[in-house]
Structures are given as structure tokens and as C-alpha cells.
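Below is one structure, written out as C-alpha cells, with a few remarks after it.
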Amino acid sequence: MSEHELVTRLRNGERRALARAISLVEHGGPVARAVMAAAYPYAQAHRVGITGPPGAGKSTLVTALAQEWRRRGVPVGIVAVDPSSPFSGGAVLGDRIRMQALGGDPGVFIRSMASRGRMGGLARATADAVTLIAAAGFPIVIIETVGAGQDEVDIAQTADTTIVVEVPGMGDDVQSIKAGMLEIADIFVVNKADRPGVDQTVRQLRTMLQLGGASADGWSPPVLTAVATTGEGCAQIVDAVEHHRQHLVRDGVHAGRTRLLAERELVAAVQELILERLRGQRWEELVSEIASRRRDPYAAASELLDG
Amino acid sequence: MERKIRVLVAKPGLDGHDRGAKVIARALRNAGMEVIYTGLQQTPQMIVEAALQEDVDVIGLSILSGAHMTLLPKVMQLLREQGMTDVLVVAGGIISDEDAEILKREHGIAEVFGPGSSTQAIIDFIRSNVQLTRG
């Protein structure tokens, strides 16, 4: 089957074609790029990134939010990213366990992805999977990641709206959001709001946001509470996503942000293509030389690029 | 980059014993495979839909409830209806030799691993029988 035919079938709502296309782009290379070229013009979706520390209830919240969108008649695609083992390269992807309530609904498509330890390539593969799901006609695509490292921040930034999930009692100063999470959040959700300490966590988040000053694009991130296991607060979160989407369009922020995301996509594609071309025997030799300090990485890079 | 083997590990039926499934999931991960674990009490429809969305190469079904002669053929029938006959399906659990023979011969289950099977035997079986060139 040609890449064009695959994309045509995917756009006609064939779930298996979509699933196969995602595998192809995940694998990378020329076939992946042909699939992307065919699908790219049709990908119109609002991308919602959800990140936060492990155990914050992200998968459960994603499920509850998807259910809320489904109640409103909106189809939802979900990409759930979990880490690969750095030792074996394998992974156990368990996000579907929490998403069983979405099973059997043709208006929902869930795909689990392993980070595969690619050097900087995770964001690219995830963004491509999101593009394909969007091209298949899902107007909302949720991306769920573990908020543990730079790659995850990158993924969150491939989203139009980024939700950062917190839980009460994560430490006096909301320790876990120090690493850049504050800056990327468009919406904060304090999940597990039936536990003690919610008010304090909400207050701390609001204080930290105020200390950070007004955001450049004039959006002040709301701090919402939720109990994902019961669905409490999810209607307000979906409303907030809708407000943020309107804000992006209305205030002309969208063009700037779209450009930013487009440039990021271009950077990722350039990186991938260059690396693909440069990797080879000489590459391996240079890696050895750098490892033994016989050569510095900049000199090696110059040699590879300048021939 | 070599293609990763993607495996769905699922527990059809109503028994709550998922230790075996988790041990297998971990062993396959340590062998470099990507394992999608779906949890307990999956209907055949849920399993096949998850396998379709995740585009897996292998499905591992763990069942200890005794309902394997109902549920496993149903999974195989749904896979055929979806045209997913190139997916390798293996089963594990308390399944008698006679039942295992029928599941393999009449329903297309590739192999049945009973109690005491080594995880290495399962890994080796998957590696030698998986079709990574699915069309």
C-alpha cells in the first residue's frame, strides 16, 4: 500500500490505517516522511498537553477529560508517552489500565508510545503521531507525558494548550514544578482535591504565578481543582481549555504560537535529516576519538559538516 | 534503527490474578520489547480494539479463570474479522493440554504456555515467530 493510500484510508476513519501509519512515523526514515507529507495538510486539531509528576493522576485525568469531551460530542485522540528502560530499550506502557472507561467508544483513539531513548527525537515522533491522529479527524488530541525531563517539556510545547497537574502535599514549595513547569502551564490542575492540603497547594501555585508576573501573551493561567476519579472539576477544565483556545485565536496570539511550533517542527526535522545523513563509519570513529579526548566535539562536528 | 517488537499483554475474563501477566510484561520489557499492559477484566472486544489501536505484533493473553475455551476463540474470531491475522497470539495460564491442542489447532493460538514455563522460552518463541514485515 502506498503512503498516499494509507493516508486516504486514515482520513476515511479506518482506525487500523491510522494505527499502522503511527507505527511507520515512529520508526522514522523516508517512509515516515512520505506519510507525514501526505497527512500534514489535513491535520487540524487543538492539541492539549498534559504533564506533571508521576502519580499525580495524569492518566485518570486524561480519561475524565476525554469523557467530558465525549459528553459534548467531541471525538478525542490520546497519545500517552511512557519512558523506555535505558538498559534494555524495552518499555511497559501502562496508561491504558486507567483508560479502560474509554474502551469501545469509536470516538476515542488511544496510542501508547515509548520514549525509546532517542536523542531529542521523542518530541518529533510524538508530534508526528499527533499530526496523524488530527488528520484522521479528531478535533481534540491529548498528549500525556511524565513531567520528568527536558524531552517532556518539549512535548508539552508541541501543544496548543498545556495543562500541568499537581497534587496536594508534594512539599512546602510545590517542589515538583520548579523545573520549568511553571512557565509552560496554560492551565494548572490540582488533582486529588478530596485530599487535605488542597487550599494550600492552590494558594502556593497562585502566589508563584503572581511572582512570575504577567505572561507575554496576556493569558493568566487559571488554577483549578479536580477529583479525576469521580470526574469532579473536569467540566471546568474543558471550559478553561476552550477559553484558552479562544484567547489564542481572538488575541492574535495564535499566529505567533503557531509560528513558534512550526519553527520547532522544522528544527526537529532538520536535526533528524542531518543526523541520518551524517551517521556512518566516520561518525563512529569520531565518537571514539571524542570519548578518548583525542578530539573535541566541535572539531568533530565541523569535520562532519564541512566534509 | 531496528524495529521494536510491540506486545499487548491482556487479561481476559474475570479472575483477578495478574501476577503472572505482570511478570511476563516485565520479562518482555527486559528483553527489549515494548509492552502495552491493559490490566484486568478485559472483554475480547476491548483486547482486539486495543491491539488494533496500538498496532501490536504480538498479543499475550493470561487467563486463570477457566473460561479460556469461550474467551480465547472469541478474541481470535474478532481478530479475523478485523483482518488482523498476522498478529501472533500466545496464551498462558491454567489450560489443560487437550484444550491447548484445540486452541492451537482450531483457533489459531500460536502457543500456550502453562505453569512453570520459563520467561526465556516465551521470549524466544516470540522472537522466532513474530512477523515484523506485516503488510
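Labeling convention for the C-alpha cells: chains A, B, ... as they appear, residues from 1 per chain, ligands from 1 in order of appearance.
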Taking only C-alpha atoms into account, produce a table as a tab-separated table in which each residue of chain A with an atom at most 10 Å from an atom of chain B appears once, together with its shortest atom pair and the distance in Å to one decimal, ordered by chain and rising number.
residue	atom	partner	partner_atom	distance
A:Met1	CA	B:Gly135	CA	7.9
A:Arg15	CA	B:Gln53	CA	6.8
A:Arg16	CA	B:Leu52	CA	5.9
A:Ala17	CA	B:Gln53	CA	9.3
A:Leu18	CA	B:Gln53	CA	7.9
A:Ala19	CA	B:Gln53	CA	5.2
A:Arg20	CA	B:Asp55	CA	6.0
A:Ala21	CA	B:Asp55	CA	9.2
A:Ile22	CA	B:Asp55	CA	8.4
A:Ser23	CA	B:Asp55	CA	7.0
A:Leu24	CA	B:Arg3	CA	9.9
A:Glu26	CA	B:Arg3	CA	9.6
A:His27	CA	B:Arg3	CA	6.9
A:Gly28	CA	B:Met1	CA	8.5
A:Gly29	CA	B:Met1	CA	9.3
A:Ser84	CA	B:Glu34	CA	8.1
A:Ser85	CA	B:Arg29	CA	7.8
A:Pro86	CA	B:Gly32	CA	9.9
A:Phe87	CA	B:Asn30	CA	7.9
A:Ser88	CA	B:Gly32	CA	4.8
A:Gly89	CA	B:Gly32	CA	4.9
A:Gly90	CA	B:Gly32	CA	3.7
A:Ala91	CA	B:Glu34	CA	4.6
A:Val92	CA	B:Val35	CA	4.7
A:Leu93	CA	B:Ile36	CA	4.7
A:Gly94	CA	B:Tyr37	CA	5.1
A:Asp95	CA	B:Thr38	CA	7.9
A:Arg96	CA	B:Thr38	CA	5.4
A:Ile97	CA	B:Thr38	CA	4.8
A:Arg98	CA	B:Thr38	CA	8.4
A:Met99	CA	B:Thr38	CA	8.8
A:Gln100	CA	B:Thr38	CA	7.9
A:Leu102	CA	B:Met46	CA	9.7
A:Gly103	CA	B:Met46	CA	6.0
A:Gly104	CA	B:Met46	CA	6.4
A:Asp105	CA	B:Glu49	CA	9.8
A:Pro106	CA	B:Glu49	CA	9.6
A:Phe109	CA	B:Gln53	CA	6.8
A:Ile110	CA	B:Gln53	CA	6.5
A:Arg111	CA	B:Glu54	CA	5.6
A:Ser112	CA	B:Glu54	CA	6.7
A:Met113	CA	B:Glu34	CA	8.7
A:Ala114	CA	B:Glu34	CA	7.1
A:Arg116	CA	B:Glu34	CA	9.2
Separation of CA of Arg127 (chain B) from CA of Thr70 (chain B) in Å: 27.8 Å
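Going from CA of Val35 (chain A) over to CA of His4 (chain A), you cover 6.9 Å.
Among the candidate residues B:Ala100, B:Val130, B:Ile94, B:Val75, the one lying nearest to Gly114 (chain B) is B:Ile94, with distances computed using only C-alpha atoms.
Going from CA of Ile187 (chain A) over to CA of Thr161 (chain A), you cover 7.7 Å.
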So which residues touch Asp194 (chain A) within 10 Å, counting only C-alpha atoms, skipping near sequence neighbours fewer than 2 positions away, as an MDAnalysis selection string? chainID A and resid 168 191:192 196:198 225:227 232
Based on the selection just made, write N, CA and C atoms of those residues as a JSON list (two decimals), in the first residue's frame.
[["chain", "number", "residue", "atom", "x", "y", "z"],
["A", 168, "PRO", "N", -1.98, 17.75, 46.06],
["A", 168, "PRO", "CA", -1.66, 18.34, 47.37],
["A", 168, "PRO", "C", -0.56, 17.55, 48.06],
["A", 191, "ASN", "N", -5.03, 18.07, 41.23],
["A", 191, "ASN", "CA", -5.85, 16.85, 41.22],
["A", 191, "ASN", "C", -5.90, 16.26, 42.64],
["A", 192, "LYS", "N", -6.74, 15.26, 42.82],
["A", 192, "LYS", "CA", -6.93, 14.62, 44.13],
["A", 192, "LYS", "C", -7.36, 15.68, 45.15],
["A", 196, "PRO", "N", -6.43, 16.32, 51.95],
["A", 196, "PRO", "CA", -6.10, 17.52, 52.71],
["A", 196, "PRO", "C", -4.98, 18.31, 52.04],
["A", 197, "GLY", "N", -5.01, 19.61, 52.24],
["A", 197, "GLY", "CA", -3.91, 20.45, 51.76],
["A", 197, "GLY", "C", -4.16, 21.09, 50.41],
["A", 198, "VAL", "N", -5.38, 20.90, 49.86],
["A", 198, "VAL", "CA", -5.67, 21.44, 48.53],
["A", 198, "VAL", "C", -5.56, 22.96, 48.51],
["A", 225, "THR", "N", -9.19, 22.93, 40.46],
["A", 225, "THR", "CA", -9.08, 21.70, 41.24],
["A", 225, "THR", "C", -9.94, 20.62, 40.60],
["A", 226, "ALA", "N", -9.54, 19.37, 40.82],
["A", 226, "ALA", "CA", -10.29, 18.25, 40.24],
["A", 226, "ALA", "C", -10.14, 17.00, 41.11],
["A", 227, "VAL", "N", -11.13, 16.14, 41.01],
["A", 227, "VAL", "CA", -11.00, 14.77, 41.51],
["A", 227, "VAL", "C", -11.23, 13.88, 40.30],
["A", 232, "GLU", "N", -15.07, 15.07, 39.00],
["A", 232, "GLU", "CA", -15.35, 16.39, 39.58],
["A", 232, "GLU", "C", -14.35, 17.43, 39.07]]
Excluding Gln44 (chain A) and residues on its chain fewer than 4 positions from it, collect all residues at most 10 Å away from it, counting only C-alpha atoms, and give them as a count of residues only. 12
Might you pull out every residue within 12 Å of Gly108 (chain B), with only C-alpha atoms counted and same-chain residues fewer than 6 positions away left off, and present them as an MDAnalysis selection string? chainID B and resid 72:77 79:80 84:91 100:102
Print the selection's residues with N, CA, C and O atoms to a file, as an mmCIF file, in the first residue's frame.
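Wrote it out as result_11.cif, contents follow:
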data_model
loop_
_atom_site.group_PDB
_atom_site.id
_atom_site.type_symbol
_atom_site.label_atom_id
_atom_site.label_comp_id
_atom_site.auth_asym_id
_atom_site.auth_seq_id
_atom_site.Cartn_x
_atom_site.Cartn_y
_atom_site.Cartn_z
ATOM 1 N N LEU B 72 -10.915 -17.110 24.542
ATOM 2 C CA LEU B 72 -9.812 -17.071 23.576
ATOM 3 C C LEU B 72 -10.284 -17.251 22.129
ATOM 4 O O LEU B 72 -9.855 -16.506 21.243
ATOM 5 N N PRO B 73 -11.187 -18.213 21.857
ATOM 6 C CA PRO B 73 -11.698 -18.294 20.486
ATOM 7 C C PRO B 73 -12.406 -17.006 20.039
ATOM 8 O O PRO B 73 -12.340 -16.626 18.878
ATOM 9 N N LYS B 74 -13.056 -16.341 21.001
ATOM 10 C CA LYS B 74 -13.747 -15.089 20.669
ATOM 11 C C LYS B 74 -12.735 -14.009 20.247
ATOM 12 O O LYS B 74 -12.945 -13.282 19.271
ATOM 13 N N VAL B 75 -11.615 -13.939 20.985
ATOM 14 C CA VAL B 75 -10.559 -12.984 20.608
ATOM 15 C C VAL B 75 -10.065 -13.292 19.192
ATOM 16 O O VAL B 75 -9.935 -12.388 18.359
ATOM 17 N N MET B 76 -9.839 -14.586 18.909
ATOM 18 C CA MET B 76 -9.312 -14.966 17.595
ATOM 19 C C MET B 76 -10.314 -14.635 16.482
ATOM 20 O O MET B 76 -9.947 -14.183 15.411
ATOM 21 N N GLN B 77 -11.607 -14.846 16.790
ATOM 22 C CA GLN B 77 -12.642 -14.551 15.789
ATOM 23 C C GLN B 77 -12.675 -13.047 15.485
ATOM 24 O O GLN B 77 -12.735 -12.633 14.324
ATOM 25 N N LEU B 79 -10.239 -10.929 15.837
ATOM 26 C CA LEU B 79 -9.019 -10.568 15.102
ATOM 27 C C LEU B 79 -9.194 -10.873 13.612
ATOM 28 O O LEU B 79 -8.797 -10.086 12.755
ATOM 29 N N ARG B 80 -9.801 -12.041 13.323
ATOM 30 C CA ARG B 80 -10.031 -12.396 11.911
ATOM 31 C C ARG B 80 -10.966 -11.386 11.260
ATOM 32 O O ARG B 80 -10.735 -10.943 10.138
ATOM 33 N N MET B 84 -6.779 -8.982 11.181
ATOM 34 C CA MET B 84 -5.504 -8.927 11.908
ATOM 35 C C MET B 84 -4.924 -10.320 12.124
ATOM 36 O O MET B 84 -4.456 -10.665 13.211
ATOM 37 N N THR B 85 -4.908 -11.105 11.065
ATOM 38 C CA THR B 85 -4.459 -12.493 11.196
ATOM 39 C C THR B 85 -2.940 -12.602 11.278
ATOM 40 O O THR B 85 -2.409 -13.667 11.575
ATOM 41 N N ASP B 86 -2.245 -11.493 10.999
ATOM 42 C CA ASP B 86 -0.782 -11.549 11.061
ATOM 43 C C ASP B 86 -0.258 -11.269 12.469
ATOM 44 O O ASP B 86 0.945 -11.271 12.702
ATOM 45 N N VAL B 87 -1.159 -11.033 13.410
ATOM 46 C CA VAL B 87 -0.719 -10.802 14.791
ATOM 47 C C VAL B 87 -0.513 -12.151 15.476
ATOM 48 O O VAL B 87 -1.369 -13.027 15.423
ATOM 49 N N LEU B 88 0.654 -12.314 16.099
ATOM 50 C CA LEU B 88 0.975 -13.554 16.808
ATOM 51 C C LEU B 88 0.261 -13.555 18.150
ATOM 52 O O LEU B 88 0.396 -12.614 18.930
ATOM 53 N N VAL B 89 -0.527 -14.605 18.411
ATOM 54 C CA VAL B 89 -1.257 -14.667 19.676
ATOM 55 C C VAL B 89 -0.761 -15.854 20.502
ATOM 56 O O VAL B 89 -0.760 -16.989 20.031
ATOM 57 N N VAL B 90 -0.316 -15.571 21.717
ATOM 58 C CA VAL B 90 0.083 -16.635 22.632
ATOM 59 C C VAL B 90 -0.750 -16.516 23.901
ATOM 60 O O VAL B 90 -1.239 -15.442 24.243
ATOM 61 N N ALA B 91 -0.921 -17.660 24.577
ATOM 62 C CA ALA B 91 -1.730 -17.656 25.789
ATOM 63 C C ALA B 91 -0.954 -18.287 26.929
ATOM 64 O O ALA B 91 -0.029 -19.067 26.716
ATOM 65 N N ALA B 100 -5.377 -26.836 25.135
ATOM 66 C CA ALA B 100 -4.311 -26.128 24.434
ATOM 67 C C ALA B 100 -4.228 -26.617 22.986
ATOM 68 O O ALA B 100 -4.066 -25.817 22.047
ATOM 69 N N GLU B 101 -4.351 -27.917 22.814
ATOM 70 C CA GLU B 101 -4.273 -28.507 21.470
ATOM 71 C C GLU B 101 -5.383 -27.951 20.578
ATOM 72 O O GLU B 101 -5.156 -27.558 19.439
ATOM 73 N N ILE B 102 -6.589 -27.887 21.135
ATOM 74 C CA ILE B 102 -7.733 -27.366 20.368
ATOM 75 C C ILE B 102 -7.545 -25.877 20.050
ATOM 76 O O ILE B 102 -7.790 -25.422 18.927
#
Which of region 91-281 of chain A counts as helix (DSSP H, G or I) under DSSP, as a ChimeraX atom specification please? /A:95-98,100-102,122-135,150-156,175-177,181-184,198-211,234-250,253-278,281
Would you return as a short mmCIF file (atom, residue, chain, number, x, y, z; two decimals) with N, CA, C and O atoms, in the first residue's frame the members of region 38-172 of chain A that DSSP assigns to strand (DSSP E) on this structure's backbone?
data_model
loop_
_atom_site.label_atom_id
_atom_site.label_comp_id
_atom_site.auth_asym_id
_atom_site.auth_seq_id
_atom_site.Cartn_x
_atom_site.Cartn_y
_atom_site.Cartn_z
N HIS A 46 -6.98 20.82 18.00
CA HIS A 46 -6.45 21.55 19.14
C HIS A 46 -5.67 20.56 19.99
O HIS A 46 -6.23 19.56 20.45
N ARG A 47 -4.39 20.82 20.17
CA ARG A 47 -3.51 19.87 20.86
C ARG A 47 -3.40 20.26 22.33
O ARG A 47 -3.00 21.38 22.65
N VAL A 48 -3.77 19.32 23.20
CA VAL A 48 -3.76 19.59 24.63
C VAL A 48 -2.68 18.72 25.29
O VAL A 48 -2.78 17.49 25.27
N GLY A 49 -1.65 19.34 25.83
CA GLY A 49 -0.59 18.60 26.51
C GLY A 49 -0.89 18.49 27.99
O GLY A 49 -1.34 19.45 28.61
N ILE A 50 -0.69 17.29 28.56
CA ILE A 50 -0.90 17.12 30.00
C ILE A 50 0.37 16.54 30.60
O ILE A 50 0.86 15.51 30.16
N THR A 51 0.93 17.26 31.57
CA THR A 51 2.15 16.77 32.18
C THR A 51 2.10 17.03 33.68
O THR A 51 1.23 17.75 34.17
N VAL A 76 -12.06 12.39 20.57
CA VAL A 76 -10.79 12.70 21.24
C VAL A 76 -9.73 11.65 20.90
O VAL A 76 -9.98 10.45 21.02
N GLY A 77 -8.58 12.11 20.46
CA GLY A 77 -7.43 11.23 20.30
C GLY A 77 -6.49 11.43 21.49
O GLY A 77 -6.42 12.51 22.05
N ILE A 78 -5.80 10.36 21.88
CA ILE A 78 -4.89 10.44 23.03
C ILE A 78 -3.56 9.79 22.67
O ILE A 78 -3.53 8.68 22.13
N VAL A 79 -2.47 10.49 22.95
CA VAL A 79 -1.14 9.89 22.83
C VAL A 79 -0.53 9.88 24.23
O VAL A 79 -0.38 10.94 24.84
N ALA A 80 -0.23 8.70 24.75
CA ALA A 80 0.32 8.58 26.10
C ALA A 80 1.77 8.11 26.01
O ALA A 80 2.05 7.05 25.47
N VAL A 81 2.67 8.94 26.52
CA VAL A 81 4.10 8.62 26.42
C VAL A 81 4.63 8.13 27.77
O VAL A 81 4.39 8.76 28.79
N ASP A 82 5.30 7.00 27.76
CA ASP A 82 5.95 6.47 28.96
C ASP A 82 7.42 6.23 28.64
O ASP A 82 7.78 6.04 27.48
N ALA A 91 9.95 -1.37 27.19
CA ALA A 91 9.11 -0.49 27.99
C ALA A 91 7.85 -1.23 28.38
O ALA A 91 7.38 -2.10 27.64
N VAL A 92 7.32 -0.89 29.55
CA VAL A 92 5.96 -1.32 29.88
C VAL A 92 5.10 -0.07 29.86
O VAL A 92 5.34 0.88 30.60
N LEU A 93 4.12 -0.07 28.96
CA LEU A 93 3.27 1.10 28.79
C LEU A 93 1.93 0.79 29.45
O LEU A 93 1.18 -0.05 28.97
N VAL A 108 -13.02 7.61 20.30
CA VAL A 108 -11.78 7.75 21.06
C VAL A 108 -10.71 6.88 20.42
O VAL A 108 -10.98 5.73 20.06
N PHE A 109 -9.51 7.42 20.26
CA PHE A 109 -8.39 6.62 19.77
C PHE A 109 -7.21 6.85 20.70
O PHE A 109 -6.80 7.98 20.92
N ILE A 110 -6.70 5.75 21.27
CA ILE A 110 -5.60 5.87 22.25
C ILE A 110 -4.36 5.19 21.70
O ILE A 110 -4.42 4.06 21.21
N ARG A 111 -3.22 5.86 21.77
CA ARG A 111 -1.98 5.24 21.36
C ARG A 111 -0.92 5.45 22.43
O ARG A 111 -0.70 6.57 22.88
N SER A 112 -0.28 4.35 22.84
CA SER A 112 0.82 4.42 23.81
C SER A 112 2.13 4.52 23.06
O SER A 112 2.33 3.83 22.08
N MET A 113 3.03 5.38 23.53
CA MET A 113 4.34 5.49 22.89
C MET A 113 5.44 5.38 23.94
O MET A 113 5.33 5.94 25.03
N ALA A 114 6.50 4.67 23.59
CA ALA A 114 7.66 4.58 24.48
C ALA A 114 8.66 5.64 24.06
O ALA A 114 8.78 5.97 22.88
N ILE A 140 -9.79 17.15 18.95
CA ILE A 140 -9.00 17.32 20.17
C ILE A 140 -8.02 16.16 20.26
O ILE A 140 -8.40 14.99 20.13
N VAL A 141 -6.73 16.48 20.42
CA VAL A 141 -5.75 15.42 20.66
C VAL A 141 -5.02 15.74 21.97
O VAL A 141 -4.44 16.80 22.12
N ILE A 142 -5.09 14.80 22.91
CA ILE A 142 -4.44 14.97 24.21
C ILE A 142 -3.10 14.23 24.20
O ILE A 142 -3.04 13.08 23.78
N ILE A 143 -2.05 14.91 24.64
CA ILE A 143 -0.73 14.28 24.75
C ILE A 143 -0.39 14.19 26.22
O ILE A 143 -0.33 15.20 26.91
N GLU A 144 -0.17 12.97 26.72
CA GLU A 144 0.16 12.79 28.13
C GLU A 144 1.60 12.37 28.30
O GLU A 144 2.04 11.42 27.67
N THR A 161 -2.48 23.99 24.09
CA THR A 161 -2.80 24.28 25.49
C THR A 161 -2.09 23.25 26.36
O THR A 161 -2.23 22.05 26.13
N THR A 162 -1.30 23.71 27.32
CA THR A 162 -0.59 22.79 28.20
C THR A 162 -1.19 22.84 29.60
O THR A 162 -1.32 23.90 30.20
N ILE A 163 -1.58 21.66 30.09
CA ILE A 163 -2.12 21.54 31.44
C ILE A 163 -1.06 20.88 32.33
O ILE A 163 -0.55 19.82 31.99
N VAL A 164 -0.71 21.54 33.43
CA VAL A 164 0.22 20.94 34.39
C VAL A 164 -0.58 20.46 35.60
O VAL A 164 -1.36 21.22 36.18
N VAL A 165 -0.42 19.18 35.92
CA VAL A 165 -1.19 18.57 37.00
C VAL A 165 -0.34 18.50 38.26
O VAL A 165 0.81 18.07 38.21
N GLU A 166 -0.90 18.92 39.35
CA GLU A 166 -0.25 18.85 40.64
C GLU A 166 -1.15 18.10 41.60
O GLU A 166 -2.33 17.92 41.33
#
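Considering only C-alpha atoms, the residue among B:Ile95, B:Leu78, B:Leu103, B:Val112 positioned nearest to Gly60 (chain B) is B:Val112.
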Give me, as a PyMOL selection string, all polymer residues having an atom no more than 12 Å from Ser302 (chain A), counting only C-alpha atoms and skipping those fewer than 6 positions away in the same chain. chain A and resi 278+283+286+295-296
